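Visitor: Can you read through this structure? Questions will come right after.
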Amino acid sequence: MTLSGDLKLPSPDAGSAALELKDVTHHFGGLRALSGVNFSVAPGELAGIIGPNGAGKTTVFNLITGVYTPSIGKIIFQGRAIEGMRSSEITELGIARTFQNIRLFKELTVLDNVRAAHYARMKVNPLEALFHSGRHRSEEKRVTEESRDLLDRFGLGGSAGEVSKNLPYGSQRRLEILRAAATNPSLILLDEPAAGMHPGEVEQLMSFILELKKQLSLTVLLIEHQMRLVMGMCSHIVVLDFGMVIADGGPQQVRADAGVMKAYMGSAK
Amino acid sequence: MRKIMEFMRPAGALGKYLSVKAVVAAGFMLALAISRFNLLDNYLQLILMLIGINLILTLSLNLVNGYMGEFSVGHAGFMAAGAYVSSILSVKVLASYSPLWVFPCAVLAGGMAAGVVGLAVAVPSFKTRGDYLAIVTLAFSMIVKSVIENIDAVGGPRGFLGMDKLTTLPWVFFWTIATVWIIRNFIYSRFGRGVLSVREDEIAADLTGVNTRNVKMLAFVVSSFFAGIAGGLYAHLIQYISPGVFDIVKSTEMLVMVYLGGVGSIAGSIIGAATYTILLEALRPLGIWRMAVMPLLLILLMIFRPKGIMGYREARCLSPSFGRGAGKEK
C-alpha cells in the first residue's frame, strides 16, 4: 500500500515504523504459508491482524518472534533486521508476545511468572547468584518490587503467591500479557487475547489492554477473531487470507473492502 | 500498617536467618564432636556420611531432572570423574602436603573436573531442543567407565586405592550444607527461574527473554560439579574406587532417591537421600533380595506418587520467603 519506502534509502531511523515486514514469504515444506507479506506498524499504534482460519496470522507472529526464520523477506524492528535471530534475543530487543493457547509457567507462582520475564534485564553473573552476593540480593529485591508493582497496578497483586495454573481463565490471560509486559518491550504481540471469553470479559480485557498500552507506552499488534474487539480498538487493520495481505488500512476502509467481504462471506455471485 | 510491616520485615528476617545459622553451627559442632570423641560407633558414622554424600548426589541430579525437567541417567559418570581426579591428586600429586589442605583442594578439583566434563556433555546435548539428554548421558557414563577401565595408570578395571581416609563427618557436613546453600541460591535466582521456566515451557521461556541454552548448560555444569564433589568424598571415605562402582546401577540409585524424595524440592532430596540410605541398610537381612526391593519401590512410587513425597513443594525453612520476607502476603 505504501510506496513512500521506495523513495528513500532505508536508514536506522528513517522508516519511522516500529515494525516492518518486507516481502515476507514462508514455506512449510511444499506448503506456502505466507507469500510476499508487506505491512508496517507505526510506533504507538494499536494494530490488528484478522483473517479466516489458516490465513497465516500466527505464522506472522512466529516469524516476527524468531520461532521460525522466513524463507524469503525481511523483518525490520526499529530499523534493524531481526530475521534469523534467536527468540530470546528478539525479546531482549523489545518484542514480547502471548500465545493463542495460554503458555504460562504453570507450576510457578504468579509472581515468579513475572519475575522470570526479567531474566534478560538482570545483570548478576552465575557466581554472584550461587554465592548470594549483595548485588544479587539487591537486584532480586528490585525485581521483586517491580514485579509486584506491575501485578498490583493491573489487578493481579492479590494472587501474587498463587500457583498460576490455579488462576481462573481470564486471569491467566491477563497474567500472560503481564508476563510479556515484564520483559520491558516496546512492541507487544497478542495472539487472540480474547479467545474463549464471554462478552463481559472481552469488555474488561479491552480496557485492560488499552490501560497497559497507555501506562507502558507500548505499540500493540494483535490477532483477533472477535470483530467487535478489533473494530472497536484497532486504528490499523491488516487482513490476511491464504497467506497474502488482502487489505491494509483503517477499520472503515477494511470493512468496506470488497476483497475482505469475499474472504469472509464468499462472493455475491 | 503497611509501613510498620515494612519496618518489621528486616528484623524478623534477620532473626530467622540467624536461627538457621545457629542450627547449622550447632550441627557442625556436633559433627566435629562425634568424629573427634567417637560419640557414635563407626558404622553409624559411616551411614551418616553416606546420607550426606547421597544428599549431594540427589540434589545434583534433582537440579537437572527435577528443576529443569530434563532427564539425565548418567550422573554416575560425573561422580566417577570427581572421584578419580580427587584421588589421583591426593595420592600422587599432593601427597606430601598436610591433609588438612590436600583434602578440600582435591575434592574441589574433582568437582571442577566433573564440571568441565559436564560442560563437554552439555554443549552438544543442548544445541537443540528436545530429549536427547537421556541418551547422551547414558552413552557418556558408558564411555567414562570403559575409558577408566583402559587406563592402566589408575588401575584399569582393578580399581584405584591408596587414598587416606580423609572424609570425616565434619567434612561431609560442611560439603552437604554448602551444596544445599548453593543450589538453593541458584534456584531462587534469575538462573533458577530460567531453569524452572525451561521445565514449564521452553518455547515460552525463550520468548520471555530467557536464554534457554545458556541456562540449561549452566544448570548442568553446576549439577555435574556437585556430583564430582560427592565422588571425591566417596572415594576418600571408602578408600577404593573402581569403574564398576560408577555404573548404571549407581545412576539408578540416584534416580530412585530423586523420585522417592520428590522432584524439584530440596526438602524432598533430603528425605529421599536419607530414607533410601537408611532403608538400604535396614534391608540388609534380605540379602540379595534387597536389590529387588528397591526397583519395586521405584515402581510403586511411580504409580502412586509420580512426583515423589515432596514433588514441587518446598519446606518453609528452605524457601526464600522464610529468610527474605518476599513470600505471600495475602
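Note on naming: chains are A, B, ... as they come in the C-alpha cells, residues start from 1 per chain, ligands start from 1 in the order shown.
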Name the residues in contact with stretch 97-112 of chain B at a cut-off of 12 Å, using only C-alpha atoms, excluding same-chain residues fewer than 4 positions from it; report them as JSON, numbers by chain.
Guide: {"B": [56, 57, 60, 78, 79, 80, 81, 82, 83, 84, 85, 86, 87, 88, 89, 90, 91, 92, 93, 116, 117, 118, 119, 163, 164, 165, 166, 167, 168, 171, 172, 174, 175, 179, 221, 222, 223, 224, 225, 226, 227, 228, 229, 230, 231, 232, 233, 234, 235, 236, 237]}
Visitor: Store the residues picked out above in a file with C-alpha atoms, as a PDB file, in the first residue's frame.
Guide:
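Writing the result to out-v8.pdb gives the following:
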ATOM      1  CA  ILE B  56      24.748 -34.124  47.494  1.00  0.00           C
ATOM      2  CA  LEU B  57      24.184 -36.563  44.635  1.00  0.00           C
ATOM      3  CA  SER B  60      22.808 -32.540  41.966  1.00  0.00           C
ATOM      4  CA  PHE B  78      30.389 -37.244  36.749  1.00  0.00           C
ATOM      5  CA  MET B  79      30.763 -38.828  40.144  1.00  0.00           C
ATOM      6  CA  ALA B  80      33.470 -41.056  38.674  1.00  0.00           C
ATOM      7  CA  ALA B  81      35.285 -38.053  37.199  1.00  0.00           C
ATOM      8  CA  GLY B  82      35.289 -36.337  40.584  1.00  0.00           C
ATOM      9  CA  ALA B  83      36.304 -39.479  42.437  1.00  0.00           C
ATOM     10  CA  TYR B  84      39.234 -40.325  40.162  1.00  0.00           C
ATOM     11  CA  VAL B  85      40.577 -36.807  39.793  1.00  0.00           C
ATOM     12  CA  SER B  86      40.485 -36.118  43.518  1.00  0.00           C
ATOM     13  CA  SER B  87      42.003 -39.496  44.367  1.00  0.00           C
ATOM     14  CA  ILE B  88      44.830 -39.136  41.890  1.00  0.00           C
ATOM     15  CA  LEU B  89      45.537 -35.682  43.238  1.00  0.00           C
ATOM     16  CA  SER B  90      45.576 -36.729  46.866  1.00  0.00           C
ATOM     17  CA  VAL B  91      47.604 -39.915  46.292  1.00  0.00           C
ATOM     18  CA  LYS B  92      50.045 -38.949  43.581  1.00  0.00           C
ATOM     19  CA  VAL B  93      50.346 -35.187  43.373  1.00  0.00           C
ATOM     20  CA  VAL B 116      34.300 -29.374  32.861  1.00  0.00           C
ATOM     21  CA  VAL B 117      33.235 -32.843  31.764  1.00  0.00           C
ATOM     22  CA  GLY B 118      29.635 -31.743  32.346  1.00  0.00           C
ATOM     23  CA  LEU B 119      30.178 -28.774  30.056  1.00  0.00           C
ATOM     24  CA  MET B 163      43.723 -42.779  49.476  1.00  0.00           C
ATOM     25  CA  ASP B 164      43.826 -41.989  53.189  1.00  0.00           C
ATOM     26  CA  LYS B 165      40.504 -41.940  54.940  1.00  0.00           C
ATOM     27  CA  LEU B 166      40.192 -38.187  54.813  1.00  0.00           C
ATOM     28  CA  THR B 167      36.406 -37.972  54.600  1.00  0.00           C
ATOM     29  CA  THR B 168      35.142 -37.323  58.105  1.00  0.00           C
ATOM     30  CA  TRP B 171      33.769 -32.518  56.153  1.00  0.00           C
ATOM     31  CA  VAL B 172      30.685 -34.291  54.880  1.00  0.00           C
ATOM     32  CA  PHE B 174      30.372 -28.942  55.504  1.00  0.00           C
ATOM     33  CA  TRP B 175      30.018 -30.046  51.877  1.00  0.00           C
ATOM     34  CA  THR B 179      25.617 -27.874  48.453  1.00  0.00           C
ATOM     35  CA  VAL B 221      27.597 -27.743  34.878  1.00  0.00           C
ATOM     36  CA  VAL B 222      26.564 -26.870  38.436  1.00  0.00           C
ATOM     37  CA  SER B 223      24.909 -30.256  38.727  1.00  0.00           C
ATOM     38  CA  SER B 224      27.909 -32.204  37.462  1.00  0.00           C
ATOM     39  CA  PHE B 225      30.218 -30.159  39.699  1.00  0.00           C
ATOM     40  CA  PHE B 226      28.378 -31.369  42.778  1.00  0.00           C
ATOM     41  CA  ALA B 227      28.231 -34.945  41.509  1.00  0.00           C
ATOM     42  CA  GLY B 228      32.033 -34.675  41.272  1.00  0.00           C
ATOM     43  CA  ILE B 229      32.250 -33.355  44.823  1.00  0.00           C
ATOM     44  CA  ALA B 230      30.240 -36.317  46.029  1.00  0.00           C
ATOM     45  CA  GLY B 231      32.574 -38.586  44.080  1.00  0.00           C
ATOM     46  CA  GLY B 232      35.615 -37.112  45.829  1.00  0.00           C
ATOM     47  CA  LEU B 233      34.049 -37.528  49.253  1.00  0.00           C
ATOM     48  CA  TYR B 234      33.005 -41.074  48.451  1.00  0.00           C
ATOM     49  CA  ALA B 235      36.471 -42.064  47.236  1.00  0.00           C
ATOM     50  CA  HIS B 236      38.123 -40.797  50.419  1.00  0.00           C
ATOM     51  CA  LEU B 237      35.512 -42.486  52.564  1.00  0.00           C
TER      52      LEU B 237
END
Visitor: Apply DSSP to the structure's backbone, then extract all residues of stretch 120-180 of chain B labelled alpha helix (DSSP H) and return them as a PDB file with C-alpha atoms, in the first residue's frame.
Guide:
ATOM      1  CA  ALA B 120      31.527 -31.070  27.366  1.00  0.00           C
ATOM      2  CA  VAL B 121      28.362 -33.157  27.640  1.00  0.00           C
ATOM      3  CA  ALA B 122      26.058 -30.140  27.839  1.00  0.00           C
ATOM      4  CA  VAL B 123      27.306 -28.305  24.747  1.00  0.00           C
ATOM      5  CA  PRO B 124      26.199 -30.904  22.207  1.00  0.00           C
ATOM      6  CA  SER B 125      23.175 -32.045  24.228  1.00  0.00           C
ATOM      7  CA  LEU B 133      19.987 -35.724  27.149  1.00  0.00           C
ATOM      8  CA  ALA B 134      18.919 -39.154  28.412  1.00  0.00           C
ATOM      9  CA  ILE B 135      20.625 -40.902  25.524  1.00  0.00           C
ATOM     10  CA  VAL B 136      23.700 -38.699  25.579  1.00  0.00           C
ATOM     11  CA  THR B 137      24.238 -39.119  29.323  1.00  0.00           C
ATOM     12  CA  LEU B 138      23.681 -42.859  29.125  1.00  0.00           C
ATOM     13  CA  ALA B 139      26.303 -43.149  26.420  1.00  0.00           C
ATOM     14  CA  PHE B 140      28.564 -40.777  28.320  1.00  0.00           C
ATOM     15  CA  SER B 141      28.552 -42.845  31.509  1.00  0.00           C
ATOM     16  CA  MET B 142      29.458 -45.927  29.482  1.00  0.00           C
ATOM     17  CA  ILE B 143      32.306 -44.057  27.835  1.00  0.00           C
ATOM     18  CA  VAL B 144      33.638 -42.945  31.214  1.00  0.00           C
ATOM     19  CA  LYS B 145      33.516 -46.492  32.501  1.00  0.00           C
ATOM     20  CA  SER B 146      35.359 -48.006  29.575  1.00  0.00           C
ATOM     21  CA  VAL B 147      37.899 -45.194  29.413  1.00  0.00           C
ATOM     22  CA  ILE B 148      38.843 -45.741  33.047  1.00  0.00           C
ATOM     23  CA  GLU B 149      38.953 -49.491  32.540  1.00  0.00           C
ATOM     24  CA  LEU B 169      31.754 -36.366  59.445  1.00  0.00           C
ATOM     25  CA  PRO B 170      32.541 -32.628  59.747  1.00  0.00           C
ATOM     26  CA  TRP B 171      33.769 -32.518  56.153  1.00  0.00           C
ATOM     27  CA  VAL B 172      30.685 -34.291  54.880  1.00  0.00           C
ATOM     28  CA  PHE B 173      28.547 -31.944  56.934  1.00  0.00           C
ATOM     29  CA  PHE B 174      30.372 -28.942  55.504  1.00  0.00           C
ATOM     30  CA  TRP B 175      30.018 -30.046  51.877  1.00  0.00           C
ATOM     31  CA  THR B 176      26.399 -31.055  52.350  1.00  0.00           C
ATOM     32  CA  ILE B 177      25.440 -27.699  53.822  1.00  0.00           C
ATOM     33  CA  ALA B 178      27.439 -25.900  51.141  1.00  0.00           C
ATOM     34  CA  THR B 179      25.617 -27.874  48.453  1.00  0.00           C
ATOM     35  CA  VAL B 180      22.192 -27.177  49.912  1.00  0.00           C
TER      36      VAL B 180
END
Visitor: Using Å and a single decimal, report how far atom CA of B:Cys317 sits from atom CA of A:Ser133.
Guide: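 Taking atom CA of A:Ser133 and atom CA of B:Cys317, their separation equals 20.0 Å.
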Visitor: Quick check: residues of chain A within 6 Å of chain B, only C-alpha atoms, returned as a PyMOL selection string.
Guide: chain A and resi 87-88+91-92+105+116-117+119-120+130+161
Visitor: Generate a file of the selected residues that holds N, CA and C atoms, formatted as a short mmCIF file (atom, residue, chain, number, x, y, z; two decimals), in the first residue's frame.
Guide:
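Saved the output as part02.cif:
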data_model
loop_
_atom_site.label_atom_id
_atom_site.label_comp_id
_atom_site.auth_asym_id
_atom_site.auth_seq_id
_atom_site.Cartn_x
_atom_site.Cartn_y
_atom_site.Cartn_z
N SER A 87 15.04 -16.30 19.43
CA SER A 87 13.85 -15.74 20.06
C SER A 87 14.18 -14.89 21.27
N SER A 88 15.08 -15.39 22.10
CA SER A 88 15.37 -14.65 23.34
C SER A 88 16.05 -13.32 23.02
N THR A 91 13.33 -10.95 21.92
CA THR A 91 12.61 -10.47 23.10
C THR A 91 13.42 -9.39 23.81
N GLU A 92 14.72 -9.61 23.89
CA GLU A 92 15.58 -8.64 24.55
C GLU A 92 15.56 -7.29 23.84
N PHE A 105 3.98 -20.44 32.81
CA PHE A 105 4.80 -21.40 33.55
C PHE A 105 3.91 -21.93 34.67
N ALA A 116 10.34 -14.22 36.18
CA ALA A 116 11.12 -14.96 35.17
C ALA A 116 11.33 -14.10 33.93
N ALA A 117 10.35 -13.24 33.65
CA ALA A 117 10.44 -12.41 32.45
C ALA A 117 11.48 -11.30 32.58
N TYR A 119 14.51 -11.94 33.27
CA TYR A 119 15.80 -12.60 33.08
C TYR A 119 16.79 -11.76 32.27
N ALA A 120 16.36 -11.36 31.08
CA ALA A 120 17.29 -10.71 30.15
C ALA A 120 17.79 -9.36 30.67
N LEU A 130 25.16 -17.82 42.77
CA LEU A 130 25.43 -19.03 43.54
C LEU A 130 25.86 -18.70 44.96
N GLY A 161 1.01 -14.79 45.11
CA GLY A 161 1.60 -16.00 45.67
C GLY A 161 0.95 -17.30 45.19
#
Visitor: Enter the distance from atom CA of B:Asn62 to atom CA of B:Val258, in Å, rounded to one decimal.
Guide: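 Calculated distance between atom CA of B:Asn62 and atom CA of B:Val258 is 5.9 Å.
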Visitor: If you run DSSP on the backbone, which residues of stretch 12-52 of chain A are strand (DSSP E or B), as a ChimeraX atom specification?
Guide: /A:19-28,31-41,46-50
Visitor: Hey, can you spit out that residue selection with N, CA and C atoms as a compact mmCIF listing (two decimals), in the first residue's frame?
Guide:
# COMPACT_ATOMS: atom_id res chain seq x y z
N LEU A 19 7.65 -1.58 13.39
CA LEU A 19 7.88 -2.91 12.83
C LEU A 19 7.50 -2.89 11.36
N GLU A 20 8.33 -3.52 10.57
CA GLU A 20 8.03 -3.56 9.15
C GLU A 20 8.34 -4.93 8.57
N LEU A 21 7.37 -5.49 7.88
CA LEU A 21 7.59 -6.76 7.18
C LEU A 21 7.73 -6.47 5.70
N LYS A 22 8.82 -6.93 5.11
CA LYS A 22 9.05 -6.66 3.70
C LYS A 22 9.09 -7.96 2.92
N ASP A 23 8.10 -8.15 2.10
CA ASP A 23 8.08 -9.31 1.19
C ASP A 23 8.31 -10.63 1.91
N VAL A 24 7.68 -10.79 3.06
CA VAL A 24 7.96 -12.00 3.84
C VAL A 24 7.20 -13.19 3.27
N THR A 25 7.96 -14.21 2.93
CA THR A 25 7.39 -15.44 2.41
C THR A 25 7.89 -16.59 3.26
N HIS A 26 6.99 -17.52 3.56
CA HIS A 26 7.42 -18.65 4.37
C HIS A 26 6.79 -19.94 3.88
N HIS A 27 7.63 -20.94 3.73
CA HIS A 27 7.16 -22.26 3.31
C HIS A 27 7.31 -23.25 4.44
N PHE A 28 6.32 -24.13 4.59
CA PHE A 28 6.49 -25.31 5.43
C PHE A 28 6.59 -26.48 4.47
N LEU A 31 4.33 -26.46 1.41
CA LEU A 31 3.18 -25.58 1.64
C LEU A 31 3.64 -24.14 1.82
N ARG A 32 3.06 -23.26 1.03
CA ARG A 32 3.40 -21.85 1.17
C ARG A 32 2.43 -21.22 2.17
N ALA A 33 2.93 -20.94 3.36
CA ALA A 33 2.06 -20.40 4.41
C ALA A 33 1.86 -18.90 4.24
N LEU A 34 2.92 -18.21 3.85
CA LEU A 34 2.82 -16.76 3.63
C LEU A 34 3.51 -16.44 2.32
N SER A 35 2.91 -15.55 1.54
CA SER A 35 3.64 -15.16 0.34
C SER A 35 3.62 -13.65 0.17
N GLY A 36 4.81 -13.11 0.18
CA GLY A 36 5.01 -11.69 -0.09
C GLY A 36 4.23 -10.76 0.84
N VAL A 37 4.30 -11.03 2.13
CA VAL A 37 3.56 -10.19 3.08
C VAL A 37 4.32 -8.89 3.36
N ASN A 38 3.65 -7.78 3.14
CA ASN A 38 4.20 -6.46 3.42
C ASN A 38 3.23 -5.72 4.32
N PHE A 39 3.70 -5.26 5.45
CA PHE A 39 2.91 -4.26 6.19
C PHE A 39 3.81 -3.66 7.25
N SER A 40 3.40 -2.56 7.79
CA SER A 40 4.21 -1.96 8.85
C SER A 40 3.31 -1.45 9.96
N VAL A 41 3.88 -1.35 11.13
CA VAL A 41 3.15 -0.88 12.30
C VAL A 41 3.87 0.35 12.81
N LEU A 46 -2.12 0.81 17.73
CA LEU A 46 -2.74 -0.44 18.13
C LEU A 46 -3.26 -1.07 16.84
N ALA A 47 -2.51 -2.04 16.34
CA ALA A 47 -2.85 -2.62 15.05
C ALA A 47 -3.39 -4.02 15.23
N GLY A 48 -4.21 -4.47 14.30
CA GLY A 48 -4.78 -5.80 14.38
C GLY A 48 -4.55 -6.58 13.11
N ILE A 49 -4.37 -7.90 13.27
CA ILE A 49 -4.33 -8.77 12.11
C ILE A 49 -5.57 -9.64 12.17
N ILE A 50 -6.36 -9.62 11.12
CA ILE A 50 -7.51 -10.53 11.09
C ILE A 50 -7.42 -11.38 9.83
Visitor: For the atom pair atom CA of A:Ala17 and atom CA of A:Asn53, what is the interatomic distance in Å to one decimal place?
Guide: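 Between these atoms lies a distance of 27.5 Å.
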Visitor: Stretch 278-285 of chain B: which residues within 8 Å, counting only C-alpha atoms, same-chain residues fewer than 3 positions away excluded, as a PyMOL selection string?
Guide: chain B and resi 47+51+274-275+290
Visitor: In terms of the shortest atom-to-atom distance over only C-alpha atoms, which of A:Lys262, A:His236, A:Arg103, A:Lys74 is closest to A:Thr219?
Guide: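 Between A:Lys262, A:His236, A:Arg103, A:Lys74, the residue approaching A:Thr219 most closely is A:His236.
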Visitor: When you look at A:Lys106 with a cut-off of 8 Å (counting only C-alpha atoms), what residues show up, excluding the ones that are within fewer than 4 positions of it in the same chain? I need them as a PDB file with N, CA and C atoms, in the first residue's frame.
Guide:
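Everything below was put into selection11.pdb:
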ATOM      1  N   VAL A 163      -0.171 -20.392  42.725  1.00  0.00           N
ATOM      2  CA  VAL A 163       0.377 -21.139  41.588  1.00  0.00           C
ATOM      3  C   VAL A 163      -0.474 -20.790  40.369  1.00  0.00           C
ATOM      4  N   SER A 164       0.196 -20.442  39.272  1.00  0.00           N
ATOM      5  CA  SER A 164      -0.548 -19.783  38.193  1.00  0.00           C
ATOM      6  C   SER A 164      -1.577 -20.685  37.523  1.00  0.00           C
ATOM      7  N   LYS A 165      -1.367 -21.997  37.571  1.00  0.00           N
ATOM      8  CA  LYS A 165      -2.348 -22.877  36.921  1.00  0.00           C
ATOM      9  C   LYS A 165      -3.687 -22.865  37.650  1.00  0.00           C
TER      10      LYS A 165
ATOM     11  N   GLU B 200       8.852 -25.706  32.502  1.00  0.00           N
ATOM     12  CA  GLU B 200       7.426 -25.486  32.324  1.00  0.00           C
ATOM     13  C   GLU B 200       7.055 -25.338  30.857  1.00  0.00           C
TER      14      GLU B 200
END
